[in-house]
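Right, one structure below, let's go through it.
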Amino acid sequence: MTPLLTTTNLGRSFGGLHAVRGVNFEVMPGEIRAIIGPNGAGKTTFVNLICGRIEPSSGTVVFDGEDITSMPAHERVRRGIAYTFQITSVFANLTAYENVALSVQRRMIDRKEDRTPRRRAAGLHRGVLEALQRTGLSDRHSTPAGSLSYGHQRLLEVAMGLALKPRLLILDEPTQGLSDGEIENFISLVREIGEETTVLLIEHNMPVVMALAERITVLNAGRILAEGTPDEVRNNIEVQNAYLGTPVDA
Amino acid sequence: MNRERATLRVYGLHAAVLAVLFLLQFILPAYHHGVLARVMVLAVFAMGYNLLFGYTGLLSLGHAMFFSAGLYGAGLAIDHWGLGVGPGFVAGLASGALLALVIGLLALRTTGVAFMIVTMMFAQVLYLATLYFATWTRGDEGFVLPQAVRQLNAGGFHFDLTDPTTRYMAAFLLFSIVLVGTLLIVRSAHGRVLIAIRENEERVRMLGYDAFANKLAAVVVSGVICASAGAAYAILFGYVGSTFASVQYSILPLLWVLLGGAATALGPMIGTLFMYYVVDITSAYTSAYLLFVGLALVLLVLFFPKGLLGTVRDRWVQWLP
């Protein structure tokens with residue numbers, strides 16, 4: 001099977017700081033991949049290189065066999081890479097419905113769905129309701145996004161990503177600031193999403209990572225430190241030293 | 001369905017407003033009849049401005065250039081090339097579209113304050129150009145389109161555009177088309193993207209939209225609407241002068257829109273009408289009429305911070321477009 005996403009020797013430096021260096025990385029279609037690493041390891045920079053928010057200093061990004069290294073971010077989204085922001089970035093003055101509608105209409109324009117105006121309007125409505133329902137926001141559809149609770153805003157972010165029907169959904173620290181109950185729901189939501197699309201999850205919360213990820217990539221100081229199944233990563237001594245703290249038996 | 005009824009209500013309201021404007025011509029005394037025709041043309045200017053400022057969130061301080069592109073585009077073409085009123089109007093639109101495209105490509109490389117300054121500079125360039133090429137434009141003094149050329153022959157009918165009734169109808173027609181047009185635009189998929197750009201441009205990009213292309217489209221459409229107002233002004237009122245290219249005419253649409261309510265469909269009309277009458281009434285009593293304009297603005301900022309319709313929408317009727 002060919003990988004959905006490949007980065008080759010990908011690097012980015014900010015002045016003298018090498019935030020990401022020489023990363024060779026592959027994601028297979030259909031997997032849920034977690035990227036972990038201590039603060040400042042370059043996780044967010046790395047996914048920003050993938051989704052095109054920043055340009056790499058070196059290396060290439062290939063998505064589904066196509067070199068997208070110099071493609072602007074909005075083109076990448078149309079190819080199927082959706083990014084949900086680490087810092088909640090919904091349209092605060094628009095309703096939850098309108099927020100999601102922007103994603104749904106993007107998808108409809110790209111796939112040339114429903115040509116007649118009436119069917120287009122109905123398709124849009126249906127798509128929005130579906131995404132809101134899946135994230136449990138149905139009854140809040142007419143609330144301005146800025147008035148939603150923080151947890152709901154995070155869910156709205158995911159709904160917007162989901163409504164694009166992406167082939168690769170990048171979730172940047174989605175559970176940050178959520179309560180335990182909300183995290184539970186979130187895990188089952190991502191698991192569900194993972195059945196139909198490829199998910200790249202940047203996450204600090206280890207129980208979430210262990211519950212969801214099929215494979216884990218550990219970044220440290222801009223490089224890949226380790227990669228493997230959750231068990232392999234958990235038992236990797238270097239990872240323990242760099243990230244998980246001292247081993248339990250120490 | 002609920003959503004369809006909401007749409008019906010929106011279009012119903014606008015149809016009613018248009019009907020009132022149509023009927024007003026039969027009851028208004030001659031003076032106010034003339035004022036309203038002029039206000040409708042200027043409101044078109046404000047609506048064009050509102051599309052860019054209110055909906056897309058781009059504050060331009062140079063929209064006088066688009067108005068005067070239409071004004072001079074039509075005026076010069078009719079006066080010097082001897083074009084008819086119809087082709088002259090189209091020439092005005094074309095000038096506005098071309099100018100907006102070029103200015104958009106250059107000015108949209110900047111944002112925020114820089115965008116304000118760049119648009120203002122370009123508008124000043126055009127203003128100075130109208131003074132510099134005085135051989136054709138007659139500069140400050142301007143020129144008058146004689147009554148004889150302001151006639152329209154279309155489909156076997158003859159329209160005398162200097163006749164108050166015909167003029168009112170022409171202004172009303174343009175106003176209606178632009179009102180319905182902007183309403184359709186802001187409620188379309190493209191309009192939704194424009195509003196989203198105003199709210200959070202980076203997020204729009206990460207939803208797969210080309211923010212630059214959408215903003216450029218907004219500049220061009222806004223420029224064409226403002227040019228249509230300028231061209232109509234030249235044809236209906238017969239005067240073309242560089243005052244209309246001055247910075248004052250870049251600030252006025254901003255004030256009209258702020259008064260009436262940015263990002264409301266009817267706000268520009270209300271703001272223009274209100275401001276026109278404040279100036280009109282107070283200047284009859286004193287030459288310091290700007291004092292009253294200022295006072296009106298202060299009161300509005302205090303009690304209607306989002307403009308008349310913007311505040312009405314926030315407080316009472318949320319469905320107002």
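Each chain in the structure tokens gets a letter, A, B, ..., in the order shown, and its residues are numbered from 1; ligands are numbered from 1 in order too.
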Please report as JSON lines every residue of chain A lying within 9 Å of chain B, along with the nearest atom pair and their distance in Å (one decimal), using only C-alpha atoms.
{"residue": "A:Cys51", "atom": "CA", "partner": "B:Met206", "partner_atom": "CA", "distance": 8.3}
{"residue": "A:Gly52", "atom": "CA", "partner": "B:Met206", "partner_atom": "CA", "distance": 9.0}
{"residue": "A:Arg53", "atom": "CA", "partner": "B:Met206", "partner_atom": "CA", "distance": 8.2}
{"residue": "A:Pro72", "atom": "CA", "partner": "B:Asp210", "partner_atom": "CA", "distance": 8.9}
{"residue": "A:Ala73", "atom": "CA", "partner": "B:Met206", "partner_atom": "CA", "distance": 6.5}
{"residue": "A:His74", "atom": "CA", "partner": "B:Gly208", "partner_atom": "CA", "distance": 3.9}
{"residue": "A:Glu75", "atom": "CA", "partner": "B:Gly208", "partner_atom": "CA", "distance": 6.2}
{"residue": "A:Arg76", "atom": "CA", "partner": "B:Gly208", "partner_atom": "CA", "distance": 7.2}
{"residue": "A:Val77", "atom": "CA", "partner": "B:Gly208", "partner_atom": "CA", "distance": 4.7}
{"residue": "A:Arg78", "atom": "CA", "partner": "B:Gly208", "partner_atom": "CA", "distance": 5.5}
{"residue": "A:Arg79", "atom": "CA", "partner": "B:Gly208", "partner_atom": "CA", "distance": 8.9}
{"residue": "A:Ala82", "atom": "CA", "partner": "B:Leu207", "partner_atom": "CA", "distance": 7.3}
{"residue": "A:Tyr83", "atom": "CA", "partner": "B:Met206", "partner_atom": "CA", "distance": 6.8}
{"residue": "A:Thr84", "atom": "CA", "partner": "B:Met206", "partner_atom": "CA", "distance": 8.4}
{"residue": "A:Phe85", "atom": "CA", "partner": "B:Arg203", "partner_atom": "CA", "distance": 8.5}
{"residue": "A:Ser89", "atom": "CA", "partner": "B:Arg203", "partner_atom": "CA", "distance": 6.7}
{"residue": "A:Val90", "atom": "CA", "partner": "B:Arg203", "partner_atom": "CA", "distance": 7.4}
{"residue": "A:Phe91", "atom": "CA", "partner": "B:Glu199", "partner_atom": "CA", "distance": 6.0}
{"residue": "A:Ala92", "atom": "CA", "partner": "B:Glu199", "partner_atom": "CA", "distance": 7.5}
{"residue": "A:Asn93", "atom": "CA", "partner": "B:Glu199", "partner_atom": "CA", "distance": 7.3}
{"residue": "A:Leu94", "atom": "CA", "partner": "B:Ala196", "partner_atom": "CA", "distance": 8.2}
{"residue": "A:Glu98", "atom": "CA", "partner": "B:Arg192", "partner_atom": "CA", "distance": 8.1}
{"residue": "A:Asn99", "atom": "CA", "partner": "B:Ala196", "partner_atom": "CA", "distance": 8.4}
{"residue": "A:Ala101", "atom": "CA", "partner": "B:Arg192", "partner_atom": "CA", "distance": 8.7}
{"residue": "A:Leu102", "atom": "CA", "partner": "B:Val193", "partner_atom": "CA", "distance": 7.0}
{"residue": "A:Ser103", "atom": "CA", "partner": "B:Leu207", "partner_atom": "CA", "distance": 6.2}
{"residue": "A:Gln105", "atom": "CA", "partner": "B:Ala189", "partner_atom": "CA", "distance": 6.9}
{"residue": "A:Arg106", "atom": "CA", "partner": "B:Gly208", "partner_atom": "CA", "distance": 6.9}
{"residue": "A:Arg107", "atom": "CA", "partner": "B:Gly208", "partner_atom": "CA", "distance": 8.9}
{"residue": "A:Met160", "atom": "CA", "partner": "B:Leu207", "partner_atom": "CA", "distance": 8.1}
{"residue": "A:Gly161", "atom": "CA", "partner": "B:Leu207", "partner_atom": "CA", "distance": 7.8}
{"residue": "A:Leu164", "atom": "CA", "partner": "B:Leu207", "partner_atom": "CA", "distance": 7.8}
Output file for the residues above (C-alpha atoms, as an mmCIF file, in the first residue's frame):
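Result file is again_32.cif:
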data_model
loop_
_atom_site.group_PDB
_atom_site.id
_atom_site.type_symbol
_atom_site.label_atom_id
_atom_site.label_comp_id
_atom_site.auth_asym_id
_atom_site.auth_seq_id
_atom_site.Cartn_x
_atom_site.Cartn_y
_atom_site.Cartn_z
ATOM 1 C CA CYS A 51 -0.912 21.730 5.834
ATOM 2 C CA GLY A 52 0.970 24.616 4.242
ATOM 3 C CA ARG A 53 0.589 27.353 6.803
ATOM 4 C CA PRO A 72 -0.609 27.172 -0.995
ATOM 5 C CA ALA A 73 -2.554 26.046 2.056
ATOM 6 C CA HIS A 74 -6.004 26.542 0.563
ATOM 7 C CA GLU A 75 -5.133 24.277 -2.372
ATOM 8 C CA ARG A 76 -4.001 21.574 0.034
ATOM 9 C CA VAL A 77 -7.306 21.772 1.865
ATOM 10 C CA ARG A 78 -9.060 21.150 -1.441
ATOM 11 C CA ARG A 79 -6.827 18.113 -2.005
ATOM 12 C CA ALA A 82 -7.997 19.512 6.890
ATOM 13 C CA TYR A 83 -6.446 21.182 9.890
ATOM 14 C CA THR A 84 -8.152 22.012 13.160
ATOM 15 C CA PHE A 85 -6.481 24.745 15.077
ATOM 16 C CA SER A 89 -10.180 29.617 15.845
ATOM 17 C CA VAL A 90 -13.867 29.533 15.054
ATOM 18 C CA PHE A 91 -15.760 32.485 13.559
ATOM 19 C CA ALA A 92 -16.898 33.937 16.873
ATOM 20 C CA ASN A 93 -19.607 36.231 15.507
ATOM 21 C CA LEU A 94 -21.162 33.660 13.207
ATOM 22 C CA GLU A 98 -22.717 29.260 9.572
ATOM 23 C CA ASN A 99 -19.300 28.078 10.733
ATOM 24 C CA ALA A 101 -21.718 25.793 6.377
ATOM 25 C CA LEU A 102 -18.436 27.294 5.193
ATOM 26 C CA SER A 103 -16.862 23.857 5.234
ATOM 27 C CA GLN A 105 -20.056 24.570 0.752
ATOM 28 C CA ARG A 106 -16.320 24.234 0.101
ATOM 29 C CA ARG A 107 -16.741 20.515 -0.308
ATOM 30 C CA MET A 160 -15.693 22.161 10.582
ATOM 31 C CA GLY A 161 -12.810 19.849 9.780
ATOM 32 C CA LEU A 164 -14.820 19.074 4.635
#
Item to check | Surrounding residues of Ala265 in chain B excluding itself and chain neighbours under 5 positions, 8 Å, only C-alpha atoms, as a list in words | outcome: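 Counting only C-alpha atoms, the residues come to Met47, Leu179, Thr182, Leu183 and Pro321 of chain B.
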Take the selection from the previous step and output its residues with N, CA and C atoms, as a tab-separated table (two decimals), in the first residue's frame.
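Output below, filename again-v7.tsv:
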chain	number	residue	atom	x	y	z
B	47	MET	N	-23.71	51.51	-1.05
B	47	MET	CA	-23.88	50.05	-1.03
B	47	MET	C	-22.65	49.35	-1.58
B	179	LEU	N	-29.48	46.97	-4.98
B	179	LEU	CA	-29.94	46.45	-3.68
B	179	LEU	C	-30.17	44.95	-3.75
B	182	THR	N	-26.73	43.12	-4.33
B	182	THR	CA	-25.88	42.95	-3.15
B	182	THR	C	-26.51	41.96	-2.17
B	183	LEU	N	-27.82	42.00	-2.08
B	183	LEU	CA	-28.51	41.06	-1.20
B	183	LEU	C	-28.23	39.62	-1.65
B	321	PRO	N	-31.00	41.25	7.20
B	321	PRO	CA	-29.76	40.94	6.49
B	321	PRO	C	-28.81	42.15	6.42
Checklist entry - Got a sec to tell me which of range 140-210 of chain A DSSP assigns to alpha helix (DSSP H), as a PyMOL selection string? => result chain A and resi 150-163+180-194+206-210
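A straight line drawn from CA of Val44 in chain B to CA of Val224 in chain B is 10.5 Å long.
If only C-alpha atoms are the atoms counted, then among A:Gln133, A:Thr175, A:Ser142, A:Thr217 the closest residue to Asn24 in chain A is A:Thr217.
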Checklist entry - range 62-228 of chain B: which residues are strand (DSSP E) by DSSP, as a count of residues only? => result 10
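Distance annotation: of A:Ala131, A:Leu225, A:Leu200, A:Leu49, the residue with the minimal separation from Val158 in chain A is A:Ala131; atom set is only C-alpha atoms.
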Checklist entry - Which of these, A:Glu157, A:Ser188, A:Leu17, A:Ile50, has the shortest distance to Asp67 in chain A once you count only C-alpha atoms? => result A:Ile50
Checklist entry - Can you tell me, as a PyMOL selection string, what residues are no more than 8 Å from Ile35 in chain A when counting only C-alpha atoms, ignoring any on the same chain fewer than 4 positions away? => result chain A and resi 43+200-203+216-219
Same residues, C-alpha atoms, saved as an mmCIF file, in the first residue's frame:
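The resulting part.cif:
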data_model
loop_
_atom_site.group_PDB
_atom_site.id
_atom_site.type_symbol
_atom_site.label_atom_id
_atom_site.label_comp_id
_atom_site.auth_asym_id
_atom_site.auth_seq_id
_atom_site.Cartn_x
_atom_site.Cartn_y
_atom_site.Cartn_z
ATOM 1 C CA LYS A 43 5.041 19.185 16.591
ATOM 2 C CA LEU A 200 -3.110 12.779 12.473
ATOM 3 C CA LEU A 201 -3.374 13.622 16.133
ATOM 4 C CA ILE A 202 -1.048 15.935 17.987
ATOM 5 C CA GLU A 203 -1.739 15.427 21.624
ATOM 6 C CA ILE A 216 2.847 6.894 17.521
ATOM 7 C CA THR A 217 5.633 9.148 16.296
ATOM 8 C CA VAL A 218 7.719 10.845 18.944
ATOM 9 C CA LEU A 219 9.333 14.153 18.071
#
Next on the checklist: Need to verify the contact set: Thr6 in chain A, 8 Å, only C-alpha atoms, exclusion of same-chain residues closer than 4 positions in sequence. Can you return it as a VMD selection string?
Outcome noted: chain A and resid 24 to 27 61 to 63
Item to check | Exercise: Gly230 in chain B partners within 7 Å, only C-alpha atoms, chain neighbours under 6 positions left out, as a PyMOL selection string | outcome: chain B and resi 67-68+70-71
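Around Thr165 in chain B, within 10 Å and counting only C-alpha atoms, the residues found are Gln25, Phe26, Ala30, His33, Gly34, Ala37, Asp160, Ala170 and Ala171 of chain B, once anything fewer than 5 positions away on its own chain is removed.
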Using C-alpha atoms, can you write the selected residues to a file as a PDB file, in the first residue's frame?
ATOM      1  CA  GLN B  25     -42.401  59.807  -6.237  1.00  0.00           C
ATOM      2  CA  PHE B  26     -46.138  60.381  -6.588  1.00  0.00           C
ATOM      3  CA  ALA B  30     -40.750  68.573  -6.359  1.00  0.00           C
ATOM      4  CA  HIS B  33     -38.486  64.306  -5.206  1.00  0.00           C
ATOM      5  CA  GLY B  34     -35.213  65.572  -6.659  1.00  0.00           C
ATOM      6  CA  ALA B  37     -33.370  60.682  -6.774  1.00  0.00           C
ATOM      7  CA  ASP B 160     -35.450  62.288 -21.494  1.00  0.00           C
ATOM      8  CA  ALA B 170     -33.734  55.693 -13.628  1.00  0.00           C
ATOM      9  CA  ALA B 171     -32.240  56.258 -10.174  1.00  0.00           C
TER      10      ALA B 171
END
Checklist entry - What's the 9 Å shell around Val41 in chain B, counting only C-alpha atoms, without same-chain residues fewer than 6 positions away, as a list of chain:residue names? => result B:Ala171, B:Phe172, B:Leu174, B:Phe175, B:Ser228, B:Ala229, B:Gly230, B:Ala232, B:Tyr233
